[in-house]
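*Asks:* Dropping in data.cif, with mmCIF, C-alpha atoms (C1' of nucleotides).
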data_query
#
loop_
_atom_site.label_atom_id
_atom_site.label_comp_id
_atom_site.auth_asym_id
_atom_site.auth_seq_id
_atom_site.Cartn_x
_atom_site.Cartn_y
_atom_site.Cartn_z
CA MET A 35 -101.63 172.51 -6.98
CA SER A 36 -99.23 170.56 -4.77
CA GLU A 37 -95.52 170.12 -5.28
CA PRO A 38 -94.94 167.64 -8.09
CA ARG A 39 -93.41 164.30 -7.11
CA TRP A 40 -90.13 164.54 -9.02
CA LEU A 41 -88.24 161.43 -10.05
CA ASP A 42 -85.55 160.09 -7.75
CA GLU A 43 -82.11 159.19 -9.03
CA ASP A 44 -82.87 155.62 -10.09
CA GLU A 45 -86.12 156.59 -11.73
CA ALA A 46 -84.49 159.46 -13.61
CA SER A 47 -81.79 157.17 -14.91
CA ALA A 48 -84.27 154.55 -16.03
CA TRP A 49 -86.40 157.24 -17.61
CA THR A 50 -83.51 158.70 -19.58
CA ASN A 51 -82.66 155.26 -20.87
CA LEU A 52 -86.26 154.47 -21.74
CA VAL A 53 -86.82 157.72 -23.62
CA ARG A 54 -83.62 157.11 -25.53
CA LEU A 55 -84.85 153.63 -26.38
CA LEU A 56 -88.21 154.98 -27.52
CA MET A 57 -86.43 157.33 -29.90
CA LEU A 58 -83.75 155.01 -31.28
CA LEU A 59 -85.26 151.54 -31.46
CA PRO A 60 -88.25 152.42 -33.66
CA ALA A 61 -85.94 154.46 -35.88
CA ALA A 62 -83.57 151.50 -36.24
CA LEU A 63 -86.38 149.08 -37.05
CA ASP A 64 -87.86 151.52 -39.51
CA ARG A 65 -84.60 152.05 -41.32
CA GLN A 66 -83.96 148.35 -41.79
CA LEU A 67 -87.45 147.69 -43.11
CA ARG A 68 -87.41 150.67 -45.46
CA GLU A 69 -84.07 149.68 -46.89
CA GLU A 70 -84.82 146.01 -47.23
CA ALA A 71 -88.53 145.93 -47.95
CA GLY A 72 -89.48 149.48 -48.84
CA VAL A 73 -92.04 149.60 -46.04
CA PRO A 74 -92.14 151.73 -42.90
CA HIS A 75 -92.24 149.76 -39.66
CA PRO A 76 -95.86 150.64 -38.79
CA TYR A 77 -96.93 149.42 -42.23
CA TYR A 78 -95.06 146.19 -41.70
CA GLN A 79 -96.93 145.73 -38.44
CA ILE A 80 -100.19 146.03 -40.31
CA LEU A 81 -99.19 143.35 -42.79
CA ALA A 82 -97.79 141.11 -40.06
CA ASN A 83 -100.95 141.30 -37.98
CA LEU A 84 -103.05 140.49 -41.00
CA SER A 85 -100.93 137.48 -41.85
CA ASP A 86 -101.32 136.12 -38.32
CA SER A 87 -105.08 136.37 -38.53
CA PRO A 88 -107.13 133.27 -39.48
CA ASP A 89 -108.37 134.55 -42.84
CA ARG A 90 -105.67 137.14 -43.32
CA ALA A 91 -108.48 139.63 -42.82
CA ILE A 92 -109.30 141.91 -39.92
CA ARG A 93 -111.81 144.65 -39.44
CA MET A 94 -110.34 148.15 -39.40
CA THR A 95 -111.14 148.98 -35.79
CA ASP A 96 -109.75 145.68 -34.52
CA LEU A 97 -106.67 146.05 -36.66
CA ALA A 98 -106.07 149.52 -35.26
CA ARG A 99 -106.27 148.16 -31.73
CA LEU A 100 -103.94 145.26 -32.55
CA VAL A 101 -101.33 147.46 -34.16
CA GLY A 102 -101.70 150.12 -31.48
CA THR A 103 -102.60 152.99 -33.77
CA THR A 104 -105.49 155.31 -34.46
CA SER A 105 -108.23 154.70 -36.97
CA SER A 106 -107.26 157.81 -38.91
CA ARG A 107 -103.67 156.73 -39.21
CA LEU A 108 -104.77 153.25 -40.19
CA SER A 109 -107.03 154.62 -42.92
CA HIS A 110 -104.19 156.51 -44.54
CA ALA A 111 -101.80 153.60 -44.16
CA VAL A 112 -104.19 151.05 -45.61
CA ALA A 113 -104.92 153.42 -48.49
CA SER A 114 -101.22 153.46 -49.25
CA LEU A 115 -100.89 149.68 -48.93
CA GLU A 116 -103.96 149.15 -51.08
CA GLN A 117 -102.50 151.29 -53.84
CA ARG A 118 -99.48 149.00 -53.91
CA GLY A 119 -101.80 146.00 -54.18
CA TRP A 120 -100.72 144.46 -50.90
CA VAL A 121 -104.06 144.82 -49.20
CA ARG A 122 -107.71 144.98 -50.21
CA ARG A 123 -110.73 146.53 -48.52
CA GLU A 124 -114.06 144.74 -48.41
CA ALA A 125 -117.45 145.55 -46.98
CA CYS A 126 -118.21 144.00 -43.61
CA PRO A 127 -121.09 141.50 -43.96
CA THR A 128 -122.47 141.99 -40.45
CA ASP A 129 -122.04 145.75 -39.98
CA LYS A 130 -122.48 148.04 -42.93
CA ARG A 131 -120.33 150.70 -41.31
CA GLY A 132 -117.43 148.32 -41.15
CA GLN A 133 -114.58 147.73 -43.55
CA ILE A 134 -112.55 144.55 -43.60
CA CYS A 135 -108.91 144.73 -44.53
CA ARG A 136 -107.54 141.64 -46.29
CA LEU A 137 -103.93 140.75 -47.08
CA THR A 138 -103.46 139.90 -50.76
CA ASP A 139 -101.08 137.25 -52.08
CA ALA A 140 -98.80 140.01 -53.27
CA GLY A 141 -98.81 141.48 -49.77
CA MET A 142 -98.09 138.08 -48.27
CA ALA A 143 -95.17 137.68 -50.65
CA VAL A 144 -93.72 141.00 -49.54
CA LEU A 145 -94.04 139.91 -45.94
CA VAL A 146 -92.43 136.52 -46.55
CA ALA A 147 -89.56 138.23 -48.32
CA ALA A 148 -89.06 140.80 -45.57
CA ALA A 149 -89.51 138.63 -42.49
CA PRO A 150 -86.09 136.92 -42.30
CA GLY A 151 -84.15 140.17 -42.51
CA HIS A 152 -86.46 141.77 -39.99
CA VAL A 153 -86.13 138.94 -37.49
CA GLU A 154 -82.39 139.07 -37.91
CA GLU A 155 -82.42 142.79 -37.06
CA VAL A 156 -84.69 142.20 -34.07
CA ARG A 157 -82.25 139.60 -32.78
CA ARG A 158 -79.30 141.88 -33.33
CA LEU A 159 -80.95 144.83 -31.61
CA VAL A 160 -82.75 143.06 -28.81
CA PHE A 161 -82.54 139.36 -28.09
CA ASP A 162 -78.87 138.79 -28.78
CA ARG A 163 -78.19 141.24 -25.97
CA LEU A 164 -80.35 139.54 -23.35
CA SER A 165 -80.12 136.40 -21.25
CA PRO A 166 -83.17 134.12 -21.01
CA ASP A 167 -83.92 135.58 -17.58
CA GLU A 168 -83.77 139.06 -18.97
CA VAL A 169 -86.18 138.11 -21.75
CA THR A 170 -88.62 137.06 -19.04
CA GLN A 171 -88.10 140.35 -17.23
CA LEU A 172 -88.64 142.24 -20.47
CA ASN A 173 -91.85 140.33 -21.03
CA THR A 174 -93.15 141.21 -17.58
CA LEU A 175 -92.11 144.84 -17.67
CA THR A 176 -93.47 145.58 -21.12
CA ALA A 177 -96.76 143.96 -20.16
CA LYS A 178 -97.02 146.21 -17.13
CA LEU A 179 -96.08 149.36 -19.00
CA THR A 180 -98.44 149.06 -21.93
CA PRO A 181 -100.67 152.12 -21.67
CA THR A 182 -104.29 151.37 -20.95
CA GLU A 183 -107.20 153.06 -22.67
CA ARG A 184 -107.89 156.58 -21.56
CA PRO A 185 -111.05 156.93 -19.44
CA MET B 286 -78.78 132.31 -47.00
CA SER B 287 -79.38 130.03 -44.02
CA GLU B 288 -82.67 129.41 -42.28
CA PRO B 289 -83.54 132.45 -40.17
CA ARG B 290 -83.46 131.99 -36.40
CA TRP B 291 -87.12 132.61 -35.63
CA LEU B 292 -88.18 133.80 -32.19
CA ASP B 293 -89.19 131.21 -29.61
CA GLU B 294 -92.40 131.53 -27.63
CA ASP B 295 -91.05 133.71 -24.83
CA GLU B 296 -89.18 135.96 -27.19
CA ALA B 297 -92.21 136.39 -29.43
CA SER B 298 -94.36 137.33 -26.47
CA ALA B 299 -91.83 139.84 -25.20
CA TRP B 300 -91.44 141.22 -28.70
CA THR B 301 -95.16 141.71 -29.18
CA ASN B 302 -95.34 143.56 -25.88
CA LEU B 303 -92.32 145.67 -26.67
CA VAL B 304 -93.58 146.70 -30.11
CA ARG B 305 -96.90 147.59 -28.57
CA LEU B 306 -95.09 149.70 -25.99
CA LEU B 307 -93.04 151.42 -28.68
CA MET B 308 -96.26 152.38 -30.45
CA LEU B 309 -98.39 153.43 -27.49
CA LEU B 310 -96.07 155.03 -24.94
CA PRO B 311 -94.62 157.74 -27.23
CA ALA B 312 -98.13 158.48 -28.47
CA ALA B 313 -99.39 158.87 -24.91
CA LEU B 314 -96.52 161.14 -23.91
CA ASP B 315 -96.96 163.17 -27.06
CA ARG B 316 -100.66 163.66 -26.49
CA GLN B 317 -100.22 164.89 -22.93
CA LEU B 318 -97.52 167.37 -23.88
CA ARG B 319 -99.40 168.70 -26.89
CA GLU B 320 -102.54 169.22 -24.88
CA GLU B 321 -100.88 170.75 -21.87
CA ALA B 322 -97.92 172.60 -23.34
CA GLY B 323 -98.54 172.71 -27.08
CA VAL B 324 -95.26 170.94 -27.77
CA PRO B 325 -94.63 167.56 -29.37
CA HIS B 326 -92.65 165.15 -27.21
CA PRO B 327 -89.47 165.24 -29.33
CA TYR B 328 -89.48 169.04 -29.13
CA TYR B 329 -89.87 168.87 -25.37
CA GLN B 330 -86.84 166.59 -25.26
CA ILE B 331 -84.83 169.24 -27.08
CA LEU B 332 -85.82 171.91 -24.57
CA ALA B 333 -85.25 169.59 -21.61
CA ASN B 334 -81.77 168.62 -22.76
CA LEU B 335 -80.86 172.26 -23.27
CA SER B 336 -82.07 173.19 -19.80
CA ASP B 337 -79.92 170.45 -18.25
CA SER B 338 -76.84 171.75 -19.99
CA PRO B 339 -74.42 174.08 -18.13
CA ASP B 340 -75.07 177.17 -20.26
CA ARG B 341 -78.43 176.10 -21.60
CA ALA B 342 -76.60 175.85 -24.90
CA ILE B 343 -75.50 172.84 -26.90
CA ARG B 344 -74.00 172.44 -30.33
CA MET B 345 -76.39 171.00 -32.91
CA THR B 346 -74.56 167.73 -33.50
CA ASP B 347 -74.20 167.05 -29.79
CA LEU B 348 -77.82 167.93 -29.18
CA ALA B 349 -78.90 165.54 -31.90
CA ARG B 350 -76.93 162.74 -30.28
CA LEU B 351 -78.32 163.54 -26.84
CA VAL B 352 -81.91 163.59 -28.01
CA GLY B 353 -81.40 160.56 -30.24
CA THR B 354 -82.42 162.15 -33.50
CA THR B 355 -80.93 163.05 -36.86
CA SER B 356 -79.35 166.36 -37.77
CA SER B 357 -81.97 167.03 -40.42
CA ARG B 358 -84.82 166.44 -38.05
CA LEU B 359 -83.14 168.61 -35.46
CA SER B 360 -82.67 171.44 -37.95
CA HIS B 361 -86.35 171.53 -38.76
CA ALA B 362 -87.35 171.21 -35.11
CA VAL B 363 -85.01 173.96 -33.94
CA ALA B 364 -86.25 176.19 -36.75
CA SER B 365 -89.76 175.71 -35.44
CA LEU B 366 -88.73 176.32 -31.83
CA GLU B 367 -86.74 179.38 -32.85
CA GLN B 368 -89.77 180.84 -34.57
CA ARG B 369 -91.65 180.58 -31.30
CA GLY B 370 -88.81 182.36 -29.55
CA TRP B 371 -87.97 179.45 -27.27
CA VAL B 372 -84.52 178.87 -28.68
CA ARG B 373 -81.82 180.88 -30.42
CA ARG B 374 -79.05 179.86 -32.81
CA GLU B 375 -75.56 181.29 -32.49
CA ALA B 376 -72.33 180.81 -34.39
CA CYS B 377 -69.84 178.41 -32.83
CA PRO B 378 -66.68 180.30 -31.80
CA THR B 379 -64.26 177.41 -32.39
CA ASP B 380 -65.70 175.83 -35.53
CA LYS B 381 -67.21 178.03 -38.19
CA ARG B 382 -69.35 175.15 -39.48
CA GLY B 383 -70.99 174.79 -36.12
CA GLN B 384 -74.20 176.22 -34.78
CA ILE B 385 -74.95 176.49 -31.09
CA CYS B 386 -78.52 176.16 -29.92
CA ARG B 387 -79.39 178.14 -26.81
CA LEU B 388 -82.53 177.99 -24.68
CA THR B 389 -84.10 181.44 -24.19
CA ASP B 390 -85.83 182.63 -21.04
CA ALA B 391 -89.15 182.23 -22.81
CA GLY B 392 -88.26 178.65 -23.66
CA MET B 393 -87.22 177.99 -20.09
CA ALA B 394 -90.54 179.35 -18.90
CA VAL B 395 -92.42 176.99 -21.18
CA LEU B 396 -90.40 174.10 -19.82
CA VAL B 397 -90.97 175.07 -16.20
CA ALA B 398 -94.67 175.33 -16.85
CA ALA B 399 -94.86 171.98 -18.62
CA ALA B 400 -92.61 169.90 -16.39
CA PRO B 401 -94.95 169.12 -13.47
CA GLY B 402 -97.72 167.82 -15.69
CA HIS B 403 -95.27 165.81 -17.71
CA VAL B 404 -93.69 164.21 -14.66
CA GLU B 405 -97.14 163.38 -13.35
CA GLU B 406 -97.95 161.61 -16.62
CA VAL B 407 -94.64 159.75 -16.58
CA ARG B 408 -95.45 158.53 -13.09
CA ARG B 409 -98.92 157.48 -14.07
CA LEU B 410 -97.76 155.63 -17.18
CA VAL B 411 -94.54 154.12 -15.88
CA PHE B 412 -93.28 154.39 -12.34
CA ASP B 413 -96.55 154.04 -10.47
CA ARG B 414 -96.82 150.60 -12.05
CA LEU B 415 -93.40 149.36 -11.00
CA SER B 416 -91.80 148.22 -7.76
CA PRO B 417 -88.33 149.56 -6.87
CA ASP B 418 -86.80 146.28 -8.02
CA GLU B 419 -88.58 146.56 -11.30
CA VAL B 420 -87.28 150.09 -11.78
CA THR B 421 -83.79 148.67 -11.40
CA GLN B 422 -84.57 145.98 -13.94
CA LEU B 423 -85.94 148.59 -16.31
CA ASN B 424 -82.79 150.62 -15.91
CA THR B 425 -80.60 147.64 -16.75
CA LEU B 426 -82.68 146.41 -19.66
CA THR B 427 -83.07 149.78 -21.34
CA ALA B 428 -79.35 150.40 -21.03
CA LYS B 429 -78.63 147.10 -22.77
CA LEU B 430 -81.16 147.66 -25.52
CA THR B 431 -80.17 151.16 -26.56
CA PRO B 432 -79.09 150.78 -30.18
CA THR B 433 -75.43 151.46 -30.83
CA GLU B 434 -74.13 153.48 -33.74
CA ARG B 435 -74.24 151.75 -37.08
CA PRO B 436 -70.83 150.65 -38.35
"C1'" DC C 246 -141.53 154.73 -36.03
"C1'" DT C 247 -138.61 158.63 -34.88
"C1'" DC C 248 -135.16 160.67 -32.37
"C1'" DT C 249 -130.94 160.73 -30.12
"C1'" DT C 250 -126.62 159.22 -29.17
"C1'" DG C 251 -122.58 156.77 -30.16
"C1'" DT C 252 -119.58 154.02 -33.40
"C1'" DC C 253 -116.93 153.26 -37.69
"C1'" DT C 254 -114.43 154.98 -41.28
"C1'" DC C 255 -112.82 158.35 -44.41
"C1'" DT C 256 -111.05 162.92 -45.99
"C1'" DG C 257 -108.26 167.26 -46.50
"C1'" DA C 258 -105.23 170.42 -44.40
"C1'" DA C 259 -101.55 171.20 -41.33
"C1'" DA C 260 -97.60 169.48 -38.94
"C1'" DC C 261 -93.81 166.57 -38.68
"C1'" DT C 262 -90.15 163.37 -40.55
"C1'" DT C 263 -87.29 161.32 -44.08
"C1'" DC C 264 -84.43 161.56 -48.00
"C1'" DA C 265 -81.17 163.40 -51.23
"C1'" DA C 266 -78.49 167.01 -52.40
"C1'" DC C 267 -75.78 170.90 -51.28
"C1'" DA C 268 -72.59 174.62 -49.54
"C1'" DA C 269 -69.34 175.74 -46.17
"C1'" DC C 270 -65.87 174.36 -43.37
"C1'" DC C 271 -62.17 171.43 -41.05
"C1'" DT C 272 -58.27 168.16 -41.25
"C1'" DG C 273 -54.33 165.70 -42.65
"C1'" DG C 274 -50.99 164.74 -45.93
"C1'" DA C 275 -48.48 165.63 -50.43
"C1'" DT D 74 -49.49 175.80 -49.88
"C1'" DC D 75 -52.90 173.02 -51.83
"C1'" DC D 76 -56.08 169.51 -52.24
"C1'" DA D 77 -58.92 165.23 -51.24
"C1'" DG D 78 -61.91 163.55 -48.09
"C1'" DG D 79 -64.67 163.87 -44.12
"C1'" DT D 80 -67.78 166.76 -41.05
"C1'" DT D 81 -71.51 170.17 -40.02
"C1'" DG D 82 -75.73 172.00 -40.80
"C1'" DT D 83 -79.39 173.46 -43.97
"C1'" DT D 84 -82.87 173.06 -47.53
"C1'" DG D 85 -86.87 171.49 -50.54
"C1'" DA D 86 -89.51 167.71 -51.98
"C1'" DA D 87 -91.78 163.56 -50.90
"C1'" DG D 88 -93.86 160.73 -47.61
"C1'" DT D 89 -96.23 159.98 -43.12
"C1'" DT D 90 -99.01 161.30 -39.10
"C1'" DT D 91 -102.15 164.31 -36.53
"C1'" DC D 92 -106.22 166.92 -36.14
"C1'" DA D 93 -110.86 168.41 -36.99
"C1'" DG D 94 -114.83 167.51 -39.34
"C1'" DA D 95 -118.22 164.86 -41.74
"C1'" DG D 96 -121.13 160.99 -43.64
"C1'" DA D 97 -123.12 156.56 -42.92
"C1'" DC D 98 -124.80 153.34 -39.99
"C1'" DA D 99 -126.20 150.93 -35.32
"C1'" DA D 100 -128.63 150.66 -30.99
"C1'" DG D 101 -131.72 152.04 -27.66
"C1'" DA D 102 -135.47 155.18 -25.61
"C1'" DG D 103 -139.71 157.01 -26.00
#
In structure tokens, what does this structure look like?
*Replies:*
Amino acid sequence: MSEPRWLDEDEASAWTNLVRLLMLLPAALDRQLREEAGVPHPYYQILANLSDSPDRAIRMTDLARLVGTTSSRLSHAVASLEQRGWVRREACPTDKRGQICRLTDAGMAVLVAAAPGHVEEVRRLVFDRLSPDEVTQLNTLTAKLTPTERP
Amino acid sequence: MSEPRWLDEDEASAWTNLVRLLMLLPAALDRQLREEAGVPHPYYQILANLSDSPDRAIRMTDLARLVGTTSSRLSHAVASLEQRGWVRREACPTDKRGQICRLTDAGMAVLVAAAPGHVEEVRRLVFDRLSPDEVTQLNTLTAKLTPTERP
DNA sequence: CTCTTGTCTCTGAAACTTCAACAACCTGGA
DNA sequence: TCCAGGTTGTTGAAGTTTCAGAGACAAGAG
């Protein structure tokens, strides 16, 4: 047990800011989407990823990885979305263990209705505050900081 | 209702990365703290903010603002922490509506025990991946992106 | 073929957060 | 003084996420 390498002044400042951002930004996005579309932000991410997919259908495991969530969480979320008729589950033709999650027309309609307001909020909270150079920096930094799989 | 200003290619890329980060980084921090200290990350933030305060005591509203949470959430969280004996609630001497949250010695001990492992994880996930210049960039960007109070 | 090991997904209970409503209190002005 | 309106903090119910466990299937070794 050696002495921990504490953060220096600059690191501590950046860390405080980052933690604050991690608390407030998701909360702000969530609030806007709940108010305007009646969907929590993680659920919106599920729908959005599905809509970007070729057939509007993705296998559960892949969808979980795309959204950045766990399979358990995804199961519960998709169950909720399915009950609203925005998503459907189908058997996977190549792997009988698999389930394929497909976006319904009703789900697509919800997404189309919610997207403009969401983009507007994203601009207000993020991109309206940054210069083009800073957007590039943000791109680089976020790419570097994305946690990798645990060994 | 005018045409929404969609994100351009760079913005969309940065946004995808950022959303991914907002999903994965809090989850990673939370997991480490739960495993090692038995505390969720938001609860750790409460304890950490208290320990940084002059008297290890902060009024509920101020603590909520510091941590970046809501008063309701804080009430529940502090109730849970109080039950474990890590925190105590006292009446505010100047404002009878107020409650002051104070870190106990037991709570401080938990924090002291958890801090080294937490800092190590923060290094592994964040600062070990960044150059000094990038830490400065991170500091600037996160400061700009912190959501401001709603009107 | 059979066995073992690992993957994929779901479930139910516990923990946490959000939401709406509320009581108690402060503040400023009539 | 008194009251209207805002602030502070809590609560219970509803919704979401985590955790542990289990069933079904796949893939490879023997």
*Asks:* Mind giving me the straight-line distance from atom CA of Arg122 of chain A to atom CA of Glu155 of chain A in Å, one decimal?
*Replies:*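 Atom-to-atom, atom CA of Arg122 of chain A and atom CA of Glu155 of chain A are spaced 28.6 Å apart.
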*Asks:* Near DT89 of chain D, within 10 Å and counting all atoms listed in the file, which residues show up once chain neighbours fewer than 4 positions away are dropped, as a PyMOL selection string?
*Replies:* (chain A and resi 74+107+110-111) or (chain C and resi 261-263)
*Asks:* Set the distance at 10 Å and use all atoms listed in the file: which residues neighbour Leu55 of chain A once local chain neighbours fewer than 2 positions away are removed? I'd like the list as a ChimeraX atom specification.
*Replies:* /A:49-53,57-61 /B:307,353,427-432
*Asks:* Would you please work out which residue, of B:Val395, B:Leu348, B:Ala313, B:Leu359, is nearest to chain C when using all atoms listed in the file?
*Replies:* B:Leu359
*Asks:* Give me the residues within 8 Å of Leu81 of chain A as number ranges by chain, counting all atoms listed in the file and dropping any in the same chain fewer than 2 places off.
*Replies:* A: 77-79, 83-85, 137, 141-142, 145
*Asks:* Please rebuild segment 371-383 of chain B with N, CA and C atoms and return the result as a PDB file, keeping the file's coordinate frame.
*Replies:*
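What follows is the written file rebuild_13.pdb:
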ATOM      1  N   TRP B 371     -88.353 180.264 -28.424  1.00  0.00           N
ATOM      2  CA  TRP B 371     -87.970 179.450 -27.270  1.00  0.00           C
ATOM      3  C   TRP B 371     -86.507 179.050 -27.316  1.00  0.00           C
ATOM      4  N   VAL B 372     -85.869 179.342 -28.435  1.00  0.00           N
ATOM      5  CA  VAL B 372     -84.520 178.870 -28.680  1.00  0.00           C
ATOM      6  C   VAL B 372     -83.856 179.866 -29.621  1.00  0.00           C
ATOM      7  N   ARG B 373     -82.542 179.953 -29.561  1.00  0.00           N
ATOM      8  CA  ARG B 373     -81.820 180.880 -30.420  1.00  0.00           C
ATOM      9  C   ARG B 373     -80.608 180.155 -30.998  1.00  0.00           C
ATOM     10  N   ARG B 374     -80.239 180.475 -32.217  1.00  0.00           N
ATOM     11  CA  ARG B 374     -79.050 179.860 -32.810  1.00  0.00           C
ATOM     12  C   ARG B 374     -77.916 180.858 -32.883  1.00  0.00           C
ATOM     13  N   GLU B 375     -76.728 180.412 -32.470  1.00  0.00           N
ATOM     14  CA  GLU B 375     -75.560 181.290 -32.490  1.00  0.00           C
ATOM     15  C   GLU B 375     -74.425 180.577 -33.228  1.00  0.00           C
ATOM     16  N   ALA B 376     -73.501 181.387 -33.727  1.00  0.00           N
ATOM     17  CA  ALA B 376     -72.330 180.810 -34.390  1.00  0.00           C
ATOM     18  C   ALA B 376     -71.427 180.164 -33.350  1.00  0.00           C
ATOM     19  N   CYS B 377     -70.780 179.075 -33.734  1.00  0.00           N
ATOM     20  CA  CYS B 377     -69.840 178.410 -32.830  1.00  0.00           C
ATOM     21  C   CYS B 377     -68.485 179.112 -32.909  1.00  0.00           C
ATOM     22  N   PRO B 378     -67.916 179.517 -31.776  1.00  0.00           N
ATOM     23  CA  PRO B 378     -66.680 180.300 -31.800  1.00  0.00           C
ATOM     24  C   PRO B 378     -65.467 179.502 -32.280  1.00  0.00           C
ATOM     25  N   THR B 379     -65.455 178.199 -32.059  1.00  0.00           N
ATOM     26  CA  THR B 379     -64.260 177.410 -32.390  1.00  0.00           C
ATOM     27  C   THR B 379     -64.347 176.733 -33.746  1.00  0.00           C
ATOM     28  N   ASP B 380     -65.550 176.539 -34.253  1.00  0.00           N
ATOM     29  CA  ASP B 380     -65.700 175.830 -35.530  1.00  0.00           C
ATOM     30  C   ASP B 380     -66.751 176.557 -36.362  1.00  0.00           C
ATOM     31  N   LYS B 381     -66.295 177.172 -37.430  1.00  0.00           N
ATOM     32  CA  LYS B 381     -67.210 178.030 -38.190  1.00  0.00           C
ATOM     33  C   LYS B 381     -68.344 177.257 -38.863  1.00  0.00           C
ATOM     34  N   ARG B 382     -68.230 175.926 -38.940  1.00  0.00           N
ATOM     35  CA  ARG B 382     -69.350 175.150 -39.480  1.00  0.00           C
ATOM     36  C   ARG B 382     -70.470 175.040 -38.458  1.00  0.00           C
ATOM     37  N   GLY B 383     -70.064 175.144 -37.202  1.00  0.00           N
ATOM     38  CA  GLY B 383     -70.990 174.790 -36.120  1.00  0.00           C
ATOM     39  C   GLY B 383     -72.048 175.830 -35.822  1.00  0.00           C
TER      40      GLY B 383
END
